[in-house]
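Below is model.csv, which holds CSV, C-alpha atoms.
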```
chain,number,residue,atom,x,y,z
A,489,MET,CA,11.0,31.6,100.7
A,490,THR,CA,11.3,30.3,97.3
A,491,GLU,CA,14.7,30.5,95.8
A,492,THR,CA,14.7,32.0,92.3
A,493,SER,CA,17.1,30.5,89.9
A,494,VAL,CA,19.1,32.8,87.7
A,495,PRO,CA,19.5,31.7,84.1
A,496,GLU,CA,23.1,30.8,83.2
A,497,HIS,CA,24.5,32.8,80.3
A,498,HIS,CA,27.0,30.8,78.3
A,499,ALA,CA,29.6,32.9,76.6
A,500,GLN,CA,29.7,32.5,72.8
A,501,PRO,CA,33.1,31.3,71.5
A,502,ALA,CA,35.2,34.0,70.0
A,503,PRO,CA,35.5,33.8,66.2
A,504,THR,CA,38.6,32.2,64.9
A,505,ALA,CA,41.3,34.7,63.9
A,506,VAL,CA,42.1,34.6,60.3
A,507,ARG,CA,45.6,33.3,59.8
A,508,ALA,CA,45.6,34.0,56.0
A,509,ASP,CA,43.4,35.0,53.2
A,510,VAL,CA,43.6,32.4,50.4
A,511,VAL,CA,43.3,33.8,46.8
A,512,LEU,CA,41.8,31.4,44.3
A,513,PRO,CA,41.8,32.6,40.7
A,514,CYS,CA,38.8,31.1,39.0
A,515,LEU,CA,37.5,30.4,35.5
A,516,ASP,CA,34.9,27.7,35.4
A,517,GLU,CA,36.1,25.8,38.5
A,518,ALA,CA,32.8,24.9,40.1
A,519,GLU,CA,33.8,21.2,40.6
A,520,GLY,CA,37.2,22.0,42.0
A,521,LEU,CA,35.8,24.6,44.4
A,522,ALA,CA,33.1,22.2,45.7
A,523,TRP,CA,35.8,19.8,46.7
A,524,LEU,CA,38.4,22.4,47.9
A,525,LEU,CA,36.5,25.0,49.9
A,526,PRO,CA,35.2,22.6,52.6
A,527,ARG,CA,38.8,21.4,53.2
A,528,LEU,CA,40.2,24.8,54.0
A,529,PRO,CA,42.0,24.7,57.4
A,530,GLU,CA,40.6,26.6,60.3
A,531,GLY,CA,41.7,30.3,60.1
A,532,MET,CA,42.0,30.3,56.3
A,533,HIS,CA,39.5,32.5,54.5
A,534,ALA,CA,38.9,32.0,50.7
A,535,ILE,CA,38.8,34.8,48.3
A,536,VAL,CA,37.5,33.4,44.9
A,537,VAL,CA,38.4,35.7,42.1
A,538,ASP,CA,36.0,35.1,39.1
A,539,ASN,CA,37.6,35.8,35.7
A,540,GLY,CA,34.5,35.1,33.6
A,541,SER,CA,33.0,31.8,34.8
A,542,THR,CA,29.8,30.5,33.2
A,543,ASP,CA,29.5,27.3,35.2
A,544,GLY,CA,28.1,28.6,38.5
A,545,SER,CA,31.5,28.8,40.2
A,546,GLN,CA,30.4,32.0,41.9
A,547,ASP,CA,27.4,30.4,43.5
A,548,VAL,CA,29.5,27.4,44.7
A,549,ALA,CA,32.0,29.8,46.3
A,550,ARG,CA,29.4,31.8,48.1
A,551,ALA,CA,27.6,28.6,49.3
A,552,HIS,CA,30.8,27.6,51.0
A,553,GLY,CA,31.4,31.0,52.7
A,554,ALA,CA,34.0,32.4,50.3
A,555,THR,CA,34.3,36.0,49.4
A,556,VAL,CA,33.7,36.4,45.7
A,557,VAL,CA,35.2,39.3,43.7
A,558,THR,CA,35.5,39.8,40.0
A,559,ALA,CA,38.5,40.5,37.8
A,560,ASP,CA,37.2,42.1,34.7
A,561,VAL,CA,40.6,41.9,32.8
A,562,LYS,CA,41.3,38.5,31.5
A,563,GLY,CA,44.4,36.7,32.7
A,564,PHE,CA,45.8,34.7,35.6
A,565,GLY,CA,47.8,37.6,36.9
A,566,SER,CA,44.8,39.9,36.7
A,567,ALA,CA,42.8,37.5,38.9
A,568,ALA,CA,45.6,36.9,41.4
A,569,HIS,CA,46.4,40.6,41.9
A,570,THR,CA,42.7,41.4,42.2
A,571,GLY,CA,42.5,38.9,45.0
A,572,LEU,CA,45.6,40.3,46.7
A,573,GLU,CA,44.0,43.8,46.6
A,574,ALA,CA,40.8,42.4,48.0
A,575,ALA,CA,42.5,40.6,50.9
A,576,SER,CA,42.7,42.1,54.4
A,577,ALA,CA,44.6,39.5,56.4
A,578,ASP,CA,48.3,40.1,57.1
A,579,ILE,CA,49.3,36.9,55.2
A,580,VAL,CA,48.0,36.1,51.8
A,581,ALA,CA,48.2,32.6,50.2
A,582,PHE,CA,47.6,31.7,46.6
A,583,MET,CA,46.6,28.4,45.1
A,584,ASP,CA,44.8,27.0,42.1
A,585,ALA,CA,41.1,26.3,42.3
A,586,ASP,CA,41.2,23.1,40.3
A,587,ALA,CA,41.6,20.6,43.2
A,588,SER,CA,45.1,19.6,42.1
A,589,LEU,CA,46.4,20.9,45.4
A,590,ASP,CA,44.9,20.1,48.8
A,591,PRO,CA,44.2,23.2,51.0
A,592,ALA,CA,45.0,21.0,54.0
A,593,ASP,CA,48.6,21.6,53.1
A,594,LEU,CA,48.4,25.4,53.3
A,595,PRO,CA,49.7,25.6,56.9
A,596,LYS,CA,53.0,24.1,55.7
A,597,VAL,CA,53.3,27.0,53.3
A,598,VAL,CA,51.9,29.7,55.6
A,599,GLY,CA,53.9,28.6,58.7
A,600,PRO,CA,57.4,29.9,57.7
A,601,VAL,CA,55.9,33.3,56.8
A,602,GLU,CA,54.1,33.4,60.1
A,603,ASP,CA,57.2,32.6,62.2
A,604,GLY,CA,59.4,34.9,60.2
A,605,THR,CA,61.8,32.3,58.8
A,606,ALA,CA,60.8,33.1,55.2
A,607,ASP,CA,59.3,36.0,53.3
A,608,LEU,CA,57.9,34.1,50.4
A,609,VAL,CA,57.2,30.3,50.5
A,610,LEU,CA,56.3,28.2,47.4
A,611,GLY,CA,54.8,24.7,47.5
A,612,ARG,CA,57.1,22.4,45.5
A,613,ARG,CA,54.8,20.0,43.8
A,614,ASP,CA,55.3,16.2,44.5
A,615,ALA,CA,53.2,15.0,41.6
A,616,ALA,CA,51.2,11.8,41.6
A,617,ARG,CA,51.5,9.6,38.5
A,618,GLY,CA,49.7,11.2,35.5
A,619,ALA,CA,49.1,14.5,37.3
A,620,TRP,CA,51.8,16.5,35.6
A,621,PRO,CA,52.3,15.9,31.8
A,622,TRP,CA,56.0,15.5,30.9
A,623,HIS,CA,56.1,18.6,28.7
A,624,LEU,CA,54.7,20.9,31.4
A,625,ARG,CA,57.1,19.3,34.0
A,626,PHE,CA,60.0,19.9,31.6
A,627,ALA,CA,59.0,23.5,30.9
A,628,ASN,CA,58.6,24.2,34.6
A,629,ARG,CA,62.0,22.7,35.4
A,630,GLU,CA,63.7,24.8,32.7
A,631,LEU,CA,62.0,28.0,34.0
A,632,ALA,CA,63.1,27.1,37.6
A,633,ARG,CA,66.7,26.6,36.3
A,634,ARG,CA,66.6,30.0,34.6
A,635,THR,CA,65.1,31.6,37.6
A,636,ARG,CA,67.9,30.2,39.8
A,637,ARG,CA,70.5,31.6,37.4
A,638,ARG,CA,68.7,35.0,37.3
A,639,THR,CA,68.1,35.4,41.1
A,640,GLY,CA,70.4,32.9,42.9
A,641,VAL,CA,67.3,31.6,44.7
A,642,VAL,CA,67.4,27.8,44.9
A,643,LEU,CA,64.0,26.7,43.6
A,644,HIS,CA,62.9,23.5,41.8
A,645,ASP,CA,59.3,24.5,41.0
A,646,LEU,CA,57.4,27.7,40.3
A,647,GLY,CA,54.5,26.3,42.3
A,648,PRO,CA,51.0,27.9,42.4
A,649,MET,CA,50.6,27.3,46.2
A,650,ARG,CA,52.5,30.1,47.9
A,651,ALA,CA,52.3,32.6,50.7
A,652,ALA,CA,53.7,36.0,51.8
A,653,ARG,CA,52.7,39.1,53.7
A,654,ARG,CA,50.1,41.2,52.0
A,655,GLU,CA,51.6,44.7,52.5
A,656,ALA,CA,55.0,43.4,51.3
A,657,LEU,CA,53.5,41.8,48.2
A,658,LEU,CA,51.7,45.0,47.3
A,659,ALA,CA,54.9,47.0,47.7
A,660,LEU,CA,56.6,44.8,45.0
A,661,ASP,CA,54.3,46.6,42.6
A,662,LEU,CA,53.8,43.6,40.3
A,663,THR,CA,52.6,44.5,36.8
A,664,ASP,CA,52.2,41.3,34.8
A,665,ARG,CA,48.6,40.4,34.4
A,666,ARG,CA,49.0,37.2,32.5
A,667,SER,CA,50.9,33.9,33.1
A,668,GLY,CA,54.1,35.7,34.1
A,669,TYR,CA,52.7,37.0,37.4
A,670,PRO,CA,53.9,34.0,39.6
A,671,LEU,CA,57.4,34.3,38.2
A,672,GLU,CA,57.5,38.1,38.5
A,673,MET,CA,56.6,37.6,42.2
A,674,VAL,CA,59.6,35.4,42.7
A,675,VAL,CA,62.0,37.6,40.7
A,676,SER,CA,60.8,40.8,42.4
A,677,ALA,CA,60.9,39.3,45.8
A,678,SER,CA,64.5,38.1,45.2
A,679,ASP,CA,65.5,41.6,43.9
A,680,ALA,CA,64.0,43.1,47.1
A,681,GLY,CA,66.2,40.9,49.3
A,682,TRP,CA,63.5,38.5,50.5
A,683,THR,CA,64.1,35.1,51.9
A,684,VAL,CA,62.4,32.8,49.4
A,685,THR,CA,62.1,29.1,50.1
A,686,GLU,CA,59.9,26.0,49.2
A,687,VAL,CA,58.2,23.1,50.9
A,688,ASP,CA,57.0,19.9,49.4
A,689,VAL,CA,53.2,19.6,48.8
A,690,PRO,CA,51.3,16.7,47.1
A,691,TYR,CA,50.0,17.4,43.6
A,692,VAL,CA,47.2,15.3,41.9
A,693,GLN,CA,45.2,15.3,38.7
A,694,ARG,CA,43.2,18.5,38.4
A,695,LYS,CA,39.5,18.5,37.9
A,696,GLY,CA,38.7,19.8,34.4
A,697,ARG,CA,41.0,21.2,31.7
A,698,SER,CA,43.5,23.9,32.5
A,699,LYS,CA,42.8,27.3,30.9
A,700,VAL,CA,46.4,28.2,30.8
A,701,THR,CA,48.4,25.0,30.0
A,702,GLY,CA,45.6,22.7,28.9
A,703,THR,CA,46.4,23.2,25.2
A,704,PRO,CA,49.8,23.5,23.4
A,705,LEU,CA,49.0,27.1,22.5
A,706,GLY,CA,48.2,27.9,26.2
A,707,ALA,CA,51.3,26.3,27.4
A,708,TRP,CA,53.4,28.1,24.8
A,709,ARG,CA,51.9,31.5,25.8
A,710,ALA,CA,52.6,30.8,29.5
A,711,VAL,CA,56.3,30.0,28.7
A,712,GLN,CA,56.5,33.2,26.6
A,713,ASP,CA,55.0,35.3,29.4
A,714,MET,CA,57.5,33.9,31.9
A,715,SER,CA,60.4,34.3,29.5
A,716,LYS,CA,59.6,38.0,29.1
A,717,VAL,CA,59.7,38.4,32.9
A,718,LEU,CA,63.2,36.8,33.0
A,719,ALA,CA,64.4,39.0,30.1
A,720,ARG,CA,63.5,42.3,31.8
```
Translate the structure described by the file into structure tokens.
Amino acid sequence: MTETSVPEHHAQPAPTAVRADVVLPCLDEAEGLAWLLPRLPEGMHAIVVDNGSTDGSQDVARAHGATVVTADVKGFGSAAHTGLEAASADIVAFMDADASLDPADLPKVVGPVEDGTADLVLGRRDAARGAWPWHLRFANRELARRTRRRTGVVLHDLGPMRAARREALLALDLTDRRSGYPLEMVVSASDAGWTVTEVDVPYVQRKGRSKVTGTPLGAWRAVQDMSKVLAR
């Protein structure tokens, strides 16, 4: 009698669980996204929030598997909060889309939130030579000092790479839709009794010109937005 072989069925590997959704506010960041998105660590899913791009950023994002959503209201805070609302993972991370920060460093920022040792973690920028103009570094240092005085939280940098739990962030009910959004997040988290901490992350020269601090007027507006948050 001829023995009939039974085809062997190989189980498909289970999809990787999403550790965090990564919100990337975007205004003409095609070059940065093309470098950044392939470097996302396993378990990190990108949500690219377009805020009026005309350079094909949306197509680059989709080509690399990112979710693309649109923030119709102009402003960094508008884009960041739209991404937060679009996220579905328990933990949400934020970072700039300009390739100044390496997404490979996201686990250092997400980890303390995952293990419960912190509620909000910010990446303290360790800047390469030429990556951070002196006037922006000075303004950031002064705002961090004023934030410490206002909240008691020991921070040295209001860094754009950060992470927290989604539902807790939504419960903060953040309202700033411009450049004050990142600072409002820190102040509101402190007022809510969160544990806020920072970890060091490398920071290099961005690709393209900043839409917020790339001009003296933009930098001035950003400082004014943040000063209004501290004055509330």
Please compute the atom CA of Asp578 of chain A-atom CA of Arg507 of chain A distance, one decimal, in Å. 7.8 Å
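Within the 6 Å cut-off around Arg666 of chain A, using all atoms listed in the file and omitting residues fewer than 5 positions from it on the same chain, the listed residues are Gly563, Phe564 and Gly565 of chain A.
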What separation in Å, quoted to one decimal, exists between atom CA of Val510 of chain A and atom CA of Ala632 of chain A? 23.9 Å
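Computed from the coordinates, the atom CA of Ser588 of chain A to atom CA of Asp614 of chain A distance equals 11.0 Å.
Proximity of A:Leu643, A:Ala652, A:Arg637, A:Pro621 to Asp603 of chain A, computed with all atoms listed in the file, is greatest for A:Ala652.
Take the candidates A:Gly540, A:Gly618, A:Pro526, A:Gly647 and check each one against His552 of chain A using all atoms listed in the file; the shortest distance goes to A:Pro526.
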For Thr605 of chain A, find every residue with an atom within 12 Å (counting only C-alpha atoms), except residues of its own chain fewer than 2 positions away, and show them as a list in words. Val597, Val598, Gly599, Pro600, Val601, Glu602, Asp603, Asp607, Leu608, Val609, Ala652, Trp682, Thr683, Val684, Thr685 and Glu686 of chain A
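Residue nearest Ala659 of chain A within the list A:Asp538, A:Asp560, A:Glu573, A:Glu630: A:Glu573 [criterion: smallest interatomic distance, all atoms listed in the file].
Among the candidates A:Ala656, A:Met532, A:Ala574, A:Leu662, the one nearest to Leu594 of chain A when counting all atoms listed in the file is A:Met532.
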Counting all atoms listed in the file, find the residues whose atoms lie at most 12 Å from (44.5, 39.3, 49.4) (file coordinates) and write them out as a PyMOL selection string. chain A and resi 508-513+532-537+555-557+567-583+651-658
So, counting only C-alpha atoms, which residue among A:Arg650, A:Arg634, A:Arg720, A:Arg629 is closest to Leu610 of chain A? A:Arg650
Could you check the closest approach to Ser566 of chain A for each of A:Asp688, A:Asp679, A:Asp664, A:Asp586 and tell me which residue wins, using all atoms listed in the file? A:Asp664
